[in-house]
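What follows is a short report on a single structure.
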Amino acid sequence: LRDARVLRSFGQNTNEVIKGLGGLAAEYFDSIVEDGDVICCSYGRTVASTIQALNPNRKLQITVTQMIGALGTENPFMDGPDLVRMLSDKYGGEYRYLLAPLVVEDAATRSSLMNLVRFRATMELTAKARIGICGIGSMDEKEPSPIWHNYVNEEEWEHLCKSGAVGHIVANFLDKEGKILNVEINQRVIGTDFRIIDNIPYMIAVAGTSQKASAIIAALRGRHFSVLITDDAAARAVLAQKHNQ
């Protein structure tokens, strides 16, 4: 890690922790963002909380790009296109969408879409990003998280767990070593290549609660982010698991 921030959670519930993580991440983000930056943005509750907490006192010529396709979630404040626009608006910047669903029918469809000019243009811009923001998802839930409700049923979720998935980041499922799992759904995701993600100088992962420990460890091992914003319960759980391995 190039940097880390740990929230004192004081035993608060998950919603309060997410709000606190958003505030902490927003403070960090605002301290490093610069005029002319390209910033790529993922999805989810902690990313949304971060953007909602931003209250900058200056305008910057930033460009925000959408890292992955749209979730199609009932809550627009968790989805990529809305978050990209909200973040750019905070600083008076510009944004670029990735106009496609998160998961498509098959790998061939994904390949065809990613070769379209408008997709390539967004991806080429994302490759220039200095800052990125994402969450980290856990597989500890017995059923898919709300993010995956439109794409993965309970049976498929169980199969992913049995296949070795311990978490997901930027809509790709990871094994315990942080490698992109060789499962069919990972071949159908519309999103940024990890060869780009892993080289973003300030790739900020915002993830908390002890439930996320295994997923955070996996993403750390894969070196998929360089800045971690987490809470004390998650940090202790990560260190405990690492010590016992």
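Identifiers in the structure tokens: chain A, B, ... in order shown; residue index from 1 per chain; ligand index from 1 in order shown.
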**Item:** Selection near Ala235 (chain A), 9 Å with only C-alpha atoms, sequence-local residues under 6 positions removed, as a list of chain:residue names
**Value:**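 My list of contacting residues is A:Val6, A:Gly208, A:Thr209, A:Ser210, A:Ala213.
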Mind dumping the selected residues with N, CA, C and O atoms as a PDB file, in the first residue's frame?
```
ATOM      1  N   VAL A   6      -7.646   4.550   8.643  1.00  0.00           N
ATOM      2  CA  VAL A   6      -8.487   3.633   9.411  1.00  0.00           C
ATOM      3  C   VAL A   6      -9.470   4.432  10.260  1.00  0.00           C
ATOM      4  O   VAL A   6      -9.072   5.287  11.053  1.00  0.00           O
ATOM      5  N   GLY A 208     -15.095  -1.668   4.537  1.00  0.00           N
ATOM      6  CA  GLY A 208     -15.005  -1.838   5.978  1.00  0.00           C
ATOM      7  C   GLY A 208     -15.879  -2.960   6.496  1.00  0.00           C
ATOM      8  O   GLY A 208     -16.561  -3.643   5.729  1.00  0.00           O
ATOM      9  N   THR A 209     -15.835  -3.156   7.795  1.00  0.00           N
ATOM     10  CA  THR A 209     -16.456  -4.202   8.615  1.00  0.00           C
ATOM     11  C   THR A 209     -15.623  -5.486   8.533  1.00  0.00           C
ATOM     12  O   THR A 209     -15.019  -5.785   7.497  1.00  0.00           O
ATOM     13  N   SER A 210     -15.624  -6.243   9.631  1.00  0.00           N
ATOM     14  CA  SER A 210     -14.813  -7.454   9.716  1.00  0.00           C
ATOM     15  C   SER A 210     -15.233  -8.494   8.687  1.00  0.00           C
ATOM     16  O   SER A 210     -14.452  -9.356   8.298  1.00  0.00           O
ATOM     17  N   ALA A 213     -12.927  -8.902   5.639  1.00  0.00           N
ATOM     18  CA  ALA A 213     -11.501  -9.166   5.842  1.00  0.00           C
ATOM     19  C   ALA A 213     -10.888 -10.069   4.771  1.00  0.00           C
ATOM     20  O   ALA A 213      -9.846  -9.747   4.186  1.00  0.00           O
TER      21      ALA A 213
END
```
**Prompt:** Hey, what's within 6 Å of region 218-228 of chain A if we count only C-alpha atoms and toss same-chain stuff fewer than 4 positions away? As a ChimeraX atom specification, please?
**Reply:** /A:1-4,176-179,198,202-205
Please save all heavy atoms of the selected residues as a short mmCIF file (atom, residue, chain, number, x, y, z; two decimals), in the first residue's frame.
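To be explicit, this is the file written out as selection-v1.cif:
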```cif
data_model
loop_
_atom_site.label_atom_id
_atom_site.label_comp_id
_atom_site.auth_asym_id
_atom_site.auth_seq_id
_atom_site.Cartn_x
_atom_site.Cartn_y
_atom_site.Cartn_z
N LEU A 1 0.82 -1.20 0.00
CA LEU A 1 0.00 0.00 0.00
C LEU A 1 0.86 1.26 0.00
O LEU A 1 1.88 1.32 0.67
CB LEU A 1 -0.90 0.02 1.25
CG LEU A 1 -2.04 -0.99 1.30
CD1 LEU A 1 -2.73 -0.92 2.66
CD2 LEU A 1 -3.04 -0.73 0.18
N ARG A 2 0.38 2.24 -0.74
CA ARG A 2 1.06 3.52 -0.72
C ARG A 2 0.52 4.39 0.41
O ARG A 2 1.18 5.30 0.89
CB ARG A 2 0.92 4.15 -2.11
CG ARG A 2 0.33 5.48 -2.24
CD ARG A 2 0.25 5.90 -3.71
NE ARG A 2 1.11 7.04 -3.96
CZ ARG A 2 1.57 7.39 -5.14
NH1 ARG A 2 1.29 6.68 -6.21
NH2 ARG A 2 2.33 8.43 -5.28
N ASP A 3 -0.72 4.12 0.83
CA ASP A 3 -1.31 4.89 1.93
C ASP A 3 -2.50 4.12 2.50
O ASP A 3 -3.06 3.24 1.84
CB ASP A 3 -1.77 6.26 1.43
CG ASP A 3 -1.63 7.34 2.50
OD1 ASP A 3 -1.54 6.98 3.69
OD2 ASP A 3 -1.61 8.53 2.15
N ALA A 4 -2.89 4.46 3.73
CA ALA A 4 -4.06 3.85 4.36
C ALA A 4 -4.65 4.80 5.38
O ALA A 4 -3.93 5.60 5.99
CB ALA A 4 -3.68 2.53 5.03
N LYS A 176 -8.46 -16.54 -3.24
CA LYS A 176 -7.84 -16.06 -2.01
C LYS A 176 -6.48 -15.43 -2.23
O LYS A 176 -5.98 -14.70 -1.37
CB LYS A 176 -7.73 -17.21 -1.00
CG LYS A 176 -6.80 -18.34 -1.43
CD LYS A 176 -6.76 -19.43 -0.36
CE LYS A 176 -5.80 -20.54 -0.75
NZ LYS A 176 -5.74 -21.60 0.30
N GLU A 177 -5.85 -15.71 -3.39
CA GLU A 177 -4.56 -15.09 -3.70
C GLU A 177 -4.71 -13.79 -4.48
O GLU A 177 -3.72 -13.17 -4.86
CB GLU A 177 -3.69 -16.07 -4.50
CG GLU A 177 -3.37 -17.35 -3.75
CD GLU A 177 -2.64 -17.10 -2.44
OE1 GLU A 177 -1.83 -16.15 -2.38
OE2 GLU A 177 -2.90 -17.85 -1.47
N GLY A 178 -5.97 -13.41 -4.73
CA GLY A 178 -6.20 -12.16 -5.44
C GLY A 178 -6.18 -12.28 -6.95
O GLY A 178 -6.23 -11.27 -7.65
N LYS A 179 -6.13 -13.51 -7.45
CA LYS A 179 -6.15 -13.71 -8.89
C LYS A 179 -7.59 -13.68 -9.40
O LYS A 179 -8.51 -14.08 -8.70
CB LYS A 179 -5.50 -15.04 -9.26
CG LYS A 179 -4.01 -15.09 -8.90
CD LYS A 179 -3.42 -16.46 -9.22
CE LYS A 179 -1.94 -16.50 -8.85
NZ LYS A 179 -1.36 -17.85 -9.08
N ASP A 198 -4.50 -2.03 -12.13
CA ASP A 198 -3.38 -2.30 -11.24
C ASP A 198 -2.25 -1.28 -11.37
O ASP A 198 -1.32 -1.28 -10.56
CB ASP A 198 -2.84 -3.71 -11.47
CG ASP A 198 -3.86 -4.79 -11.11
OD1 ASP A 198 -4.88 -4.45 -10.48
OD2 ASP A 198 -3.64 -5.96 -11.46
N TYR A 202 -3.08 6.14 -7.73
CA TYR A 202 -3.89 6.21 -6.51
C TYR A 202 -5.21 5.47 -6.73
O TYR A 202 -6.24 6.06 -7.00
CB TYR A 202 -4.19 7.67 -6.14
CG TYR A 202 -3.01 8.42 -5.58
CD1 TYR A 202 -2.15 9.11 -6.42
CD2 TYR A 202 -2.76 8.45 -4.21
CE1 TYR A 202 -1.06 9.81 -5.92
CE2 TYR A 202 -1.67 9.13 -3.69
CZ TYR A 202 -0.83 9.82 -4.56
OH TYR A 202 0.25 10.50 -4.06
N MET A 203 -5.16 4.14 -6.66
CA MET A 203 -6.38 3.34 -6.75
C MET A 203 -6.89 3.16 -5.33
O MET A 203 -6.31 2.43 -4.53
CB MET A 203 -6.09 2.00 -7.40
CG MET A 203 -7.34 1.19 -7.72
SD MET A 203 -8.35 1.97 -8.98
CE MET A 203 -9.99 1.59 -8.35
N ILE A 204 -7.97 3.87 -4.99
CA ILE A 204 -8.48 3.93 -3.62
C ILE A 204 -9.59 2.90 -3.44
O ILE A 204 -10.63 2.97 -4.12
CB ILE A 204 -9.02 5.34 -3.31
CG1 ILE A 204 -7.95 6.40 -3.55
CG2 ILE A 204 -9.52 5.40 -1.87
CD1 ILE A 204 -8.50 7.83 -3.53
N ALA A 205 -9.39 1.96 -2.54
CA ALA A 205 -10.43 0.98 -2.19
C ALA A 205 -11.04 1.40 -0.86
O ALA A 205 -10.33 1.60 0.13
CB ALA A 205 -9.85 -0.42 -2.09
#
```
Residues of region 40-85 of chain A within 8 Å of region 118-140 of chain A: nearest atom pair and distance (Å, one decimal) for each, counting only C-alpha atoms, sorted by chain and number, as JSON lines?
```
{"residue": "A:Cys40", "atom": "CA", "partner": "A:Gly132", "partner_atom": "CA", "distance": 4.6}
{"residue": "A:Cys41", "atom": "CA", "partner": "A:Ile133", "partner_atom": "CA", "distance": 5.1}
{"residue": "A:Ser42", "atom": "CA", "partner": "A:Cys134", "partner_atom": "CA", "distance": 5.0}
{"residue": "A:Tyr43", "atom": "CA", "partner": "A:Cys134", "partner_atom": "CA", "distance": 6.5}
{"residue": "A:Gly44", "atom": "CA", "partner": "A:Gly135", "partner_atom": "CA", "distance": 6.5}
{"residue": "A:Arg45", "atom": "CA", "partner": "A:Gly135", "partner_atom": "CA", "distance": 7.9}
{"residue": "A:Thr46", "atom": "CA", "partner": "A:Gly135", "partner_atom": "CA", "distance": 6.2}
{"residue": "A:Val47", "atom": "CA", "partner": "A:Cys134", "partner_atom": "CA", "distance": 6.0}
{"residue": "A:Thr65", "atom": "CA", "partner": "A:Thr126", "partner_atom": "CA", "distance": 6.1}
{"residue": "A:Gln66", "atom": "CA", "partner": "A:Thr122", "partner_atom": "CA", "distance": 7.8}
{"residue": "A:Met67", "atom": "CA", "partner": "A:Thr126", "partner_atom": "CA", "distance": 7.3}
```
Identify, on the basis of only C-alpha atoms, every residue whose closest approach to region 158-161 of chain A does not exceed 12 Å; exclude the query and any residue fewer than 4 positions from it along the same chain; express the result as a PDB file with N, CA and C atoms, in the first residue's frame.
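Output file out18.pdb is given in full below:
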```
ATOM      1  N   SER A 138     -17.634  -8.832  -0.514  1.00  0.00           N
ATOM      2  CA  SER A 138     -17.360 -10.084   0.192  1.00  0.00           C
ATOM      3  C   SER A 138     -18.265 -11.200  -0.322  1.00  0.00           C
ATOM      4  N   MET A 139     -17.835 -12.432  -0.147  1.00  0.00           N
ATOM      5  CA  MET A 139     -18.660 -13.599  -0.482  1.00  0.00           C
ATOM      6  C   MET A 139     -19.269 -14.222   0.769  1.00  0.00           C
ATOM      7  N   ASP A 140     -19.140 -13.566   1.904  1.00  0.00           N
ATOM      8  CA  ASP A 140     -19.598 -14.140   3.164  1.00  0.00           C
ATOM      9  C   ASP A 140     -21.115 -14.146   3.312  1.00  0.00           C
ATOM     10  N   GLU A 141     -21.797 -13.343   2.491  1.00  0.00           N
ATOM     11  CA  GLU A 141     -23.260 -13.373   2.536  1.00  0.00           C
ATOM     12  C   GLU A 141     -23.774 -14.712   1.997  1.00  0.00           C
ATOM     13  N   LYS A 142     -24.911 -15.170   2.509  1.00  0.00           N
ATOM     14  CA  LYS A 142     -25.482 -16.435   2.057  1.00  0.00           C
ATOM     15  C   LYS A 142     -26.143 -16.304   0.693  1.00  0.00           C
ATOM     16  N   GLU A 143     -26.464 -15.065   0.313  1.00  0.00           N
ATOM     17  CA  GLU A 143     -27.048 -14.814  -0.997  1.00  0.00           C
ATOM     18  C   GLU A 143     -26.328 -13.628  -1.624  1.00  0.00           C
ATOM     19  N   PRO A 144     -26.474 -13.440  -2.930  1.00  0.00           N
ATOM     20  CA  PRO A 144     -25.752 -12.359  -3.600  1.00  0.00           C
ATOM     21  C   PRO A 144     -26.065 -11.000  -2.989  1.00  0.00           C
ATOM     22  N   VAL A 152     -26.799 -12.610 -10.809  1.00  0.00           N
ATOM     23  CA  VAL A 152     -26.389 -13.877 -10.192  1.00  0.00           C
ATOM     24  C   VAL A 152     -27.474 -14.326  -9.215  1.00  0.00           C
ATOM     25  N   ASN A 153     -27.963 -15.571  -9.389  1.00  0.00           N
ATOM     26  CA  ASN A 153     -28.941 -16.088  -8.431  1.00  0.00           C
ATOM     27  C   ASN A 153     -28.224 -16.819  -7.285  1.00  0.00           C
ATOM     28  N   GLU A 154     -28.997 -17.299  -6.315  1.00  0.00           N
ATOM     29  CA  GLU A 154     -28.402 -17.922  -5.123  1.00  0.00           C
ATOM     30  C   GLU A 154     -27.597 -19.166  -5.483  1.00  0.00           C
ATOM     31  N   ALA A 165     -14.103 -18.384  -4.962  1.00  0.00           N
ATOM     32  CA  ALA A 165     -14.249 -16.931  -4.855  1.00  0.00           C
ATOM     33  C   ALA A 165     -14.324 -16.521  -3.386  1.00  0.00           C
ATOM     34  N   VAL A 166     -13.533 -15.514  -3.012  1.00  0.00           N
ATOM     35  CA  VAL A 166     -13.595 -14.986  -1.647  1.00  0.00           C
ATOM     36  C   VAL A 166     -14.061 -13.534  -1.632  1.00  0.00           C
ATOM     37  N   GLY A 167     -14.114 -12.912  -2.803  1.00  0.00           N
ATOM     38  CA  GLY A 167     -14.546 -11.522  -2.878  1.00  0.00           C
ATOM     39  C   GLY A 167     -14.569 -11.051  -4.315  1.00  0.00           C
ATOM     40  N   HIS A 168     -14.960  -9.797  -4.481  1.00  0.00           N
ATOM     41  CA  HIS A 168     -14.940  -9.217  -5.831  1.00  0.00           C
ATOM     42  C   HIS A 168     -14.547  -7.747  -5.757  1.00  0.00           C
ATOM     43  N   ASN A 172     -15.163  -8.115 -10.686  1.00  0.00           N
ATOM     44  CA  ASN A 172     -14.495  -9.373 -11.000  1.00  0.00           C
ATOM     45  C   ASN A 172     -14.297 -10.163  -9.714  1.00  0.00           C
ATOM     46  N   PHE A 173     -14.597 -11.460  -9.782  1.00  0.00           N
ATOM     47  CA  PHE A 173     -14.459 -12.322  -8.616  1.00  0.00           C
ATOM     48  C   PHE A 173     -13.020 -12.796  -8.477  1.00  0.00           C
ATOM     49  N   LEU A 174     -12.534 -12.786  -7.224  1.00  0.00           N
ATOM     50  CA  LEU A 174     -11.141 -13.117  -6.926  1.00  0.00           C
ATOM     51  C   LEU A 174     -11.046 -14.385  -6.097  1.00  0.00           C
ATOM     52  N   ASP A 175      -9.920 -15.130  -6.282  1.00  0.00           N
ATOM     53  CA  ASP A 175      -9.630 -16.227  -5.366  1.00  0.00           C
ATOM     54  C   ASP A 175      -8.850 -15.675  -4.178  1.00  0.00           C
ATOM     55  N   LYS A 176      -8.463 -16.544  -3.243  1.00  0.00           N
ATOM     56  CA  LYS A 176      -7.844 -16.064  -2.011  1.00  0.00           C
ATOM     57  C   LYS A 176      -6.476 -15.433  -2.228  1.00  0.00           C
ATOM     58  N   LEU A 181     -10.610 -14.977 -10.859  1.00  0.00           N
ATOM     59  CA  LEU A 181     -11.063 -16.362 -10.892  1.00  0.00           C
ATOM     60  C   LEU A 181     -11.487 -16.767 -12.306  1.00  0.00           C
ATOM     61  N   ASN A 182     -11.118 -17.987 -12.676  1.00  0.00           N
ATOM     62  CA  ASN A 182     -11.466 -18.502 -14.008  1.00  0.00           C
ATOM     63  C   ASN A 182     -12.893 -19.061 -13.970  1.00  0.00           C
ATOM     64  N   VAL A 183     -13.846 -18.141 -13.919  1.00  0.00           N
ATOM     65  CA  VAL A 183     -15.261 -18.515 -13.927  1.00  0.00           C
ATOM     66  C   VAL A 183     -15.956 -17.760 -15.054  1.00  0.00           C
ATOM     67  N   GLU A 184     -17.050 -18.326 -15.492  1.00  0.00           N
ATOM     68  CA  GLU A 184     -17.715 -17.831 -16.690  1.00  0.00           C
ATOM     69  C   GLU A 184     -18.172 -16.382 -16.581  1.00  0.00           C
ATOM     70  N   ILE A 185     -18.676 -15.982 -15.425  1.00  0.00           N
ATOM     71  CA  ILE A 185     -19.204 -14.628 -15.303  1.00  0.00           C
ATOM     72  C   ILE A 185     -18.119 -13.565 -15.471  1.00  0.00           C
ATOM     73  N   ASN A 186     -16.894 -13.882 -15.064  1.00  0.00           N
ATOM     74  CA  ASN A 186     -15.798 -12.922 -15.237  1.00  0.00           C
ATOM     75  C   ASN A 186     -15.489 -12.655 -16.713  1.00  0.00           C
TER      76      ASN A 186
END
```
**Message:** Please compute the CA of Ser49 (chain A)-CA of Leu21 (chain A) distance, one decimal, in Å.
**Reply:**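 The value is 7.6 Å.
Restricting the calculation to only C-alpha atoms, the smallest distance between Arg58 (chain A) and any of A:Met86, A:Asp35, A:Tyr91, A:Asp106 is found for A:Tyr91.
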**Prompt:** DSSP says strand (DSSP E or B) for which residues of region 106-228 of chain A? Put them as a PyMOL selection string?
**Reply:** chain A and resi 131-134+137-138+167-169+172-174+180+189+191+202-206+227-228
**Request:** Quick one: pick out all alpha helix (DSSP H) residues within region 14-197 of chain A from a backbone DSSP run and write them as a PyMOL selection string.
**Result:** chain A and resi 14-32+45-53+80-91+107-114+117-126+154-162+194-197
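Of the listed residues (A:Ala207, A:Thr63, A:Ala107, A:Pro101), A:Ala207 comes nearest to Thr50 (chain A); the distances count only C-alpha atoms.
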**Asked** Could you state the separation of CA of Ile62 (chain A) and CA of Ser31 (chain A) in Å, given to one decimal place?
**Response**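 Those two atoms sit 14.3 Å apart.
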**Distance query Leu116 (chain A) at most 12 Å, only C-alpha atoms, self and fewer than 6 positions along chain excluded, as a list of chain:residue names** = A:Leu98, A:Leu99, A:Ala100, A:Thr109, A:Arg110, A:Thr122, A:Met123
What would the file look like if the residues just selected were written as a PDB file, in the first residue's frame with N, CA, C and O atoms?
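In the end it all went to selection_34.pdb:
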```pdb
ATOM      1  N   LEU A  98     -19.763   4.600 -19.769  1.00  0.00           N
ATOM      2  CA  LEU A  98     -19.567   3.321 -20.431  1.00  0.00           C
ATOM      3  C   LEU A  98     -20.968   2.743 -20.594  1.00  0.00           C
ATOM      4  O   LEU A  98     -21.485   2.073 -19.708  1.00  0.00           O
ATOM      5  N   LEU A  99     -21.598   3.063 -21.720  1.00  0.00           N
ATOM      6  CA  LEU A  99     -23.029   2.799 -21.888  1.00  0.00           C
ATOM      7  C   LEU A  99     -23.289   1.341 -22.255  1.00  0.00           C
ATOM      8  O   LEU A  99     -23.436   0.973 -23.416  1.00  0.00           O
ATOM      9  N   ALA A 100     -23.359   0.509 -21.212  1.00  0.00           N
ATOM     10  CA  ALA A 100     -23.618  -0.920 -21.390  1.00  0.00           C
ATOM     11  C   ALA A 100     -24.001  -1.499 -20.041  1.00  0.00           C
ATOM     12  O   ALA A 100     -23.723  -0.910 -18.996  1.00  0.00           O
ATOM     13  N   THR A 109     -20.120 -11.371 -27.035  1.00  0.00           N
ATOM     14  CA  THR A 109     -20.835 -10.087 -26.973  1.00  0.00           C
ATOM     15  C   THR A 109     -19.977  -9.038 -26.287  1.00  0.00           C
ATOM     16  O   THR A 109     -19.909  -7.882 -26.727  1.00  0.00           O
ATOM     17  N   ARG A 110     -19.329  -9.443 -25.201  1.00  0.00           N
ATOM     18  CA  ARG A 110     -18.438  -8.516 -24.504  1.00  0.00           C
ATOM     19  C   ARG A 110     -17.349  -8.006 -25.442  1.00  0.00           C
ATOM     20  O   ARG A 110     -17.080  -6.805 -25.510  1.00  0.00           O
ATOM     21  N   THR A 122     -13.537   5.577 -24.086  1.00  0.00           N
ATOM     22  CA  THR A 122     -13.630   5.664 -22.627  1.00  0.00           C
ATOM     23  C   THR A 122     -12.516   4.866 -21.963  1.00  0.00           C
ATOM     24  O   THR A 122     -11.897   5.315 -20.991  1.00  0.00           O
ATOM     25  N   MET A 123     -12.235   3.682 -22.491  1.00  0.00           N
ATOM     26  CA  MET A 123     -11.172   2.848 -21.926  1.00  0.00           C
ATOM     27  C   MET A 123      -9.801   3.498 -22.077  1.00  0.00           C
ATOM     28  O   MET A 123      -8.960   3.444 -21.174  1.00  0.00           O
TER      29      MET A 123
END
```
**Prompt:** Rounded to one decimal in Å, what is the spacing between CA of Val104 (chain A) and CA of Gly69 (chain A)?
**Reply:**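 The value is 9.4 Å.
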**Message:** Given only C-alpha atoms as the basis, pick out the residue of A:Lys59, A:Lys19, A:Arg8, A:Arg85 nearest to Gly36 (chain A).
**Reply:** A:Lys59
Quick one: everything within 7 Å of region 23-26 of chain A, counting only C-alpha atoms, minus sequence neighbours fewer than 4 positions away in the same chain. Send it as an mmCIF file with N, CA and C atoms, in the first residue's frame.
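Final output, saved to out-v3.cif:
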```
data_model
loop_
_atom_site.group_PDB
_atom_site.id
_atom_site.type_symbol
_atom_site.label_atom_id
_atom_site.label_comp_id
_atom_site.auth_asym_id
_atom_site.auth_seq_id
_atom_site.Cartn_x
_atom_site.Cartn_y
_atom_site.Cartn_z
ATOM 1 N N LYS A 19 -21.113 5.335 6.255
ATOM 2 C CA LYS A 19 -21.134 6.798 6.230
ATOM 3 C C LYS A 19 -19.799 7.373 6.694
ATOM 4 N N ASP A 30 -10.092 14.442 -1.649
ATOM 5 C CA ASP A 30 -9.991 15.883 -1.893
ATOM 6 C C ASP A 30 -8.582 16.413 -1.650
ATOM 7 N N THR A 50 -18.707 8.004 -0.340
ATOM 8 C CA THR A 50 -17.547 8.886 -0.526
ATOM 9 C C THR A 50 -17.924 10.111 -1.351
ATOM 10 N N ILE A 51 -18.594 9.889 -2.453
ATOM 11 C CA ILE A 51 -18.945 10.994 -3.349
ATOM 12 C C ILE A 51 -19.967 11.923 -2.692
ATOM 13 N N ALA A 53 -20.194 12.557 0.397
ATOM 14 C CA ALA A 53 -19.530 13.306 1.474
ATOM 15 C C ALA A 53 -18.630 14.415 0.962
ATOM 16 N N LEU A 54 -18.312 14.407 -0.312
ATOM 17 C CA LEU A 54 -17.424 15.434 -0.869
ATOM 18 C C LEU A 54 -18.090 16.806 -0.828
ATOM 19 N N VAL A 206 -12.351 1.528 -0.844
ATOM 20 C CA VAL A 206 -13.069 1.920 0.377
ATOM 21 C C VAL A 206 -13.904 0.727 0.818
ATOM 22 N N ILE A 229 -8.979 2.598 2.481
ATOM 23 C CA ILE A 229 -9.757 3.319 3.490
ATOM 24 C C ILE A 229 -10.663 2.280 4.144
#
```
**Asked** Which residue, A:Leu113, A:Val38, A:Ala171, A:Leu7, has the smallest gap to Ile200 (chain A) when you use only C-alpha atoms?
**Response**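 Using only C-alpha atoms, the shortest distance to Ile200 (chain A) belongs to A:Val38.
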